[in-house]
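Comments concern the structure below.
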Amino acid sequence: MLFGVIRLISLDVDGTLVGSSGTVPLDVWTIATRVRAAGIRLAICSGRPAFGGTLAMAERLDPDGWHVFQNGASIVHLSSGHSMSTPLEPAAIELLVERARRTSRIFELYTDSAYAVESTDPIAREHARLLGVSFVARSFDSLEGPVVRAQWLLSSDEVTPTLSEPYPGLEVAASTSPLMPATTFVMITKTGVSKASALRAIAEKDGVPLAEVMHVGDGHNDIEAMAEVGFPVAMGNAPPEVHHAARFHVGHVDRGGLVEALEMALRDQTPSKERSSLSPTSGGQK
């Protein structure tokens with residue numbers, strides 16, 4: 001099979017760019033440099049926020065590009081600081097904060113550049129370490145600037161009842177991280193806001209047809225984005241639903257899966273005779 005042109009690659013973070021080590025492997029940075037040298041843009045496309053360790057990753061991948069954070073609620077151009085982010089409605093924030101305080105579940109609110117959590121639970125502290133920021137409990141009312149995303153940090157027995165609650169006018173998506181395997185992150189954005197909507201926005205800004213975009217991910221919140229692009233790639237550690245949505249499959253995050261995906265993109269720079277042996281399901285489990 002021959003591959004078409006790839007001009008933009010969007011990368012999930014947890015389970016894709018970062019595995020159980022908590023860091024980006026050196027060989028990923030090496031091939032990412034080759035990808036950028038080949039004229040292909042790289043963009044973070046993650047549920048994580050645009051600060052802390054994730055911002056540092058984005059700056060190293062492409063310091064002059066658009067990146068997607070907060071499951072599509074934060075869309076930020078790093079060098080200019082321009083934002084295409086989508087805030088939550090005040091009524092929705094009020095509803096969620098009341099629910100969080102009533103149930104005592106761990107809950108976070110985010111702007112483009114900061115977040116607030118009132119809980120001092122060890123899970124909240126562990127999440128701050130994952131984000132690469134110091135833990136500080138603060139009132140939700142202390143946040144300045146538009147709130148773009150809310151998030152539950154849930155134990156396994158909390159997931160089903162929390163997801164069954166009403167979320168009028170809101171988009172709800174669950175994800176996990178290999179660094180906090182016992183926690184489910186339930187991200188809440190305004191209806192219509194997702195990785196898919198954000199990918200459409202940055203592809204348009206970069207003047208890249210979606211058919212020439214590769215998205216690499218491992219989570220349920222990557223499925224809609226995969227449906228938008230010409231080159232949807234599932235990591236080997238992704239659940240079956242994500243593999244079903246993908247066209248290409250690579251290895252586990254801890255076994256070089258992302259390097260395989262980026263090498264796939266670079267094959268477009270090689271003669272077609274050399275490319276023809278790679279099948280859409282090469283390299284990983286389906």
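Every chain in the structure tokens takes a letter, A first, then B, and so on in the order presented; its residues are numbered from 1, and the ligands are numbered from 1 following the presented order.
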
inquiry  = Please list as a ChimeraX atom specification every residue within 7 Å of segment 222-229 of chain A, counting only C-alpha atoms and excluding residues in the same chain fewer than 2 positions away.
reply    = /A:195-196,210-211,213-215,217-220,231-232,242,245-246

Residues of the last selection are to be written out with C-alpha atoms, as a PDB file, in the first residue's frame.
ATOM      1  CA  LYS A 195     -10.103  16.970  19.995  1.00  0.00           C
ATOM      2  CA  ALA A 196     -11.869  16.597  16.650  1.00  0.00           C
ATOM      3  CA  LEU A 210      -7.616  16.926   7.018  1.00  0.00           C
ATOM      4  CA  ALA A 211      -6.789  14.180   4.525  1.00  0.00           C
ATOM      5  CA  VAL A 213      -3.295  14.973   8.880  1.00  0.00           C
ATOM      6  CA  MET A 214      -2.131  12.058  11.041  1.00  0.00           C
ATOM      7  CA  HIS A 215      -3.545  11.687  14.554  1.00  0.00           C
ATOM      8  CA  GLY A 217      -3.704   8.279  20.156  1.00  0.00           C
ATOM      9  CA  ASP A 218      -4.779   5.580  22.556  1.00  0.00           C
ATOM     10  CA  GLY A 219      -7.902   6.879  24.312  1.00  0.00           C
ATOM     11  CA  HIS A 220     -11.642   7.008  23.802  1.00  0.00           C
ATOM     12  CA  PHE A 231      -4.162   8.895   8.844  1.00  0.00           C
ATOM     13  CA  PRO A 232      -5.685   7.719  12.156  1.00  0.00           C
ATOM     14  CA  VAL A 242      -9.838   2.857  19.480  1.00  0.00           C
ATOM     15  CA  ALA A 245     -11.611   3.516  14.759  1.00  0.00           C
ATOM     16  CA  ALA A 246      -8.026   3.606  13.467  1.00  0.00           C
TER      17      ALA A 246
END

query = Which residues, written as JSON, numbers by chain, have at least one atom at most 9 Å from Cys45 of chain A, with only C-alpha atoms counted and residues fewer than 4 positions away on the same chain left out?
reply = {"A": [10, 11, 12, 13, 67, 68, 69, 70, 71, 72, 195, 198, 199, 215, 216, 217, 222]}

Write a file of the selected residues as a PDB file, in the first residue's frame, keeping C-alpha atoms.
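Result file follows (part.pdb):
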ATOM      1  CA  SER A  10      -1.209  15.530  16.148  1.00  0.00           C
ATOM      2  CA  LEU A  11      -0.141  13.536  19.187  1.00  0.00           C
ATOM      3  CA  ASP A  12      -1.993  12.504  22.300  1.00  0.00           C
ATOM      4  CA  VAL A  13       0.214  12.652  25.419  1.00  0.00           C
ATOM      5  CA  HIS A  67      -1.317  22.955  19.913  1.00  0.00           C
ATOM      6  CA  VAL A  68      -4.497  21.451  21.362  1.00  0.00           C
ATOM      7  CA  PHE A  69      -4.949  21.090  25.109  1.00  0.00           C
ATOM      8  CA  GLN A  70      -7.824  20.349  27.494  1.00  0.00           C
ATOM      9  CA  ASN A  71      -9.531  17.956  25.075  1.00  0.00           C
ATOM     10  CA  GLY A  72      -9.959  20.743  22.537  1.00  0.00           C
ATOM     11  CA  LYS A 195     -10.103  16.970  19.995  1.00  0.00           C
ATOM     12  CA  ALA A 198      -9.810  21.513  17.646  1.00  0.00           C
ATOM     13  CA  LEU A 199      -7.993  19.517  14.978  1.00  0.00           C
ATOM     14  CA  HIS A 215      -3.545  11.687  14.554  1.00  0.00           C
ATOM     15  CA  VAL A 216      -1.903   9.250  16.962  1.00  0.00           C
ATOM     16  CA  GLY A 217      -3.704   8.279  20.156  1.00  0.00           C
ATOM     17  CA  ASP A 222      -9.199  10.190  20.352  1.00  0.00           C
TER      18      ASP A 222
END

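Neighbours of Gly81 of chain A closer than or equal to 12 Å, with only C-alpha atoms counted and sequence neighbours fewer than 6 positions away skipped, come out as Ala50, Pro63, Asp64, Gly65, Trp66, His67, Ser74, Ile75, Asp112 and Ser113 of chain A.
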
key: Spatial neighbours of Leu262 of chain A, 10 Å, only C-alpha atoms, chain gap at least 2 places, as a PyMOL selection string   = chain A and resi 9+28+31-32+34-35+214+216+257-260+264-267

Those residues you just picked out, can you put them in a file as a tab-separated table (two decimals), in the first residue's frame with C-alpha atoms?
chain	number	residue	atom	x	y	z
A	9	ILE	CA	0.78	15.13	12.94
A	28	VAL	CA	10.94	9.96	20.12
A	31	ILE	CA	12.68	11.21	15.18
A	32	ALA	CA	10.45	14.21	15.97
A	34	ARG	CA	13.61	14.54	11.65
A	35	VAL	CA	9.86	14.92	11.12
A	214	MET	CA	-2.13	12.06	11.04
A	216	VAL	CA	-1.90	9.25	16.96
A	257	GLY	CA	4.91	2.59	19.13
A	258	LEU	CA	5.11	6.34	18.57
A	259	VAL	CA	8.48	6.01	16.83
A	260	GLU	CA	6.79	3.54	14.45
A	264	MET	CA	5.39	5.87	8.90
A	265	ALA	CA	4.98	9.59	8.20
A	266	LEU	CA	8.58	9.88	7.06
A	267	ARG	CA	8.19	7.03	4.58

inquiry  = With DSSP run on the backbone, what are the alpha helix (DSSP H) residues within segment 69-202 of chain A? I'd like them as a PyMOL selection string.
reply    = chain A and resi 90-103+122-131+156-163+195-202

Pull C-alpha atoms from the residues just selected and write them as a PDB file, in the first residue's frame.
ATOM      1  CA  PRO A  90     -21.204  30.447  33.811  1.00  0.00           C
ATOM      2  CA  ALA A  91     -24.374  28.444  34.528  1.00  0.00           C
ATOM      3  CA  ALA A  92     -22.579  25.203  33.680  1.00  0.00           C
ATOM      4  CA  ILE A  93     -19.671  26.083  35.962  1.00  0.00           C
ATOM      5  CA  GLU A  94     -22.077  26.891  38.792  1.00  0.00           C
ATOM      6  CA  LEU A  95     -23.875  23.553  38.349  1.00  0.00           C
ATOM      7  CA  LEU A  96     -20.635  21.561  38.361  1.00  0.00           C
ATOM      8  CA  VAL A  97     -19.090  23.368  41.330  1.00  0.00           C
ATOM      9  CA  GLU A  98     -22.256  22.818  43.381  1.00  0.00           C
ATOM     10  CA  ARG A  99     -22.213  19.118  42.457  1.00  0.00           C
ATOM     11  CA  ALA A 100     -18.540  18.795  43.350  1.00  0.00           C
ATOM     12  CA  ARG A 101     -18.957  20.411  46.752  1.00  0.00           C
ATOM     13  CA  ARG A 102     -22.063  18.335  47.488  1.00  0.00           C
ATOM     14  CA  THR A 103     -20.522  14.982  46.524  1.00  0.00           C
ATOM     15  CA  PRO A 122      -3.615  12.461  47.757  1.00  0.00           C
ATOM     16  CA  ILE A 123      -5.001  11.800  44.259  1.00  0.00           C
ATOM     17  CA  ALA A 124      -5.261  15.558  43.653  1.00  0.00           C
ATOM     18  CA  ARG A 125      -1.663  15.951  44.798  1.00  0.00           C
ATOM     19  CA  GLU A 126      -0.519  13.087  42.579  1.00  0.00           C
ATOM     20  CA  HIS A 127      -2.232  14.704  39.590  1.00  0.00           C
ATOM     21  CA  ALA A 128      -0.336  17.962  40.185  1.00  0.00           C
ATOM     22  CA  ARG A 129       2.915  15.972  40.020  1.00  0.00           C
ATOM     23  CA  LEU A 130       1.787  14.367  36.761  1.00  0.00           C
ATOM     24  CA  LEU A 131       1.096  17.834  35.326  1.00  0.00           C
ATOM     25  CA  SER A 156     -13.454   2.986  39.427  1.00  0.00           C
ATOM     26  CA  ASP A 157     -16.627   2.819  41.524  1.00  0.00           C
ATOM     27  CA  GLU A 158     -17.356   6.513  40.949  1.00  0.00           C
ATOM     28  CA  VAL A 159     -17.207   6.470  37.150  1.00  0.00           C
ATOM     29  CA  THR A 160     -20.611   5.005  36.252  1.00  0.00           C
ATOM     30  CA  PRO A 161     -22.723   7.096  38.652  1.00  0.00           C
ATOM     31  CA  THR A 162     -20.840  10.267  37.720  1.00  0.00           C
ATOM     32  CA  LEU A 163     -21.278   9.724  33.990  1.00  0.00           C
ATOM     33  CA  LYS A 195     -10.103  16.970  19.995  1.00  0.00           C
ATOM     34  CA  ALA A 196     -11.869  16.597  16.650  1.00  0.00           C
ATOM     35  CA  SER A 197     -13.205  20.165  16.594  1.00  0.00           C
ATOM     36  CA  ALA A 198      -9.810  21.513  17.646  1.00  0.00           C
ATOM     37  CA  LEU A 199      -7.993  19.517  14.978  1.00  0.00           C
ATOM     38  CA  ARG A 200     -10.282  20.972  12.338  1.00  0.00           C
ATOM     39  CA  ALA A 201      -9.441  24.453  13.622  1.00  0.00           C
ATOM     40  CA  ILE A 202      -5.648  24.084  13.636  1.00  0.00           C
TER      41      ILE A 202
END

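Note that the spacing between atom CA of Gly4 of chain A and atom CA of Ala43 of chain A amounts to 19.3 Å.
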
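Residues in contact with Ala182 of chain A at 9 Å, where only C-alpha atoms are counted and same-chain residues fewer than 5 positions away are skipped, are listed as A:Leu154, A:Ser155, A:Ser156, A:Thr176, A:Ser177.
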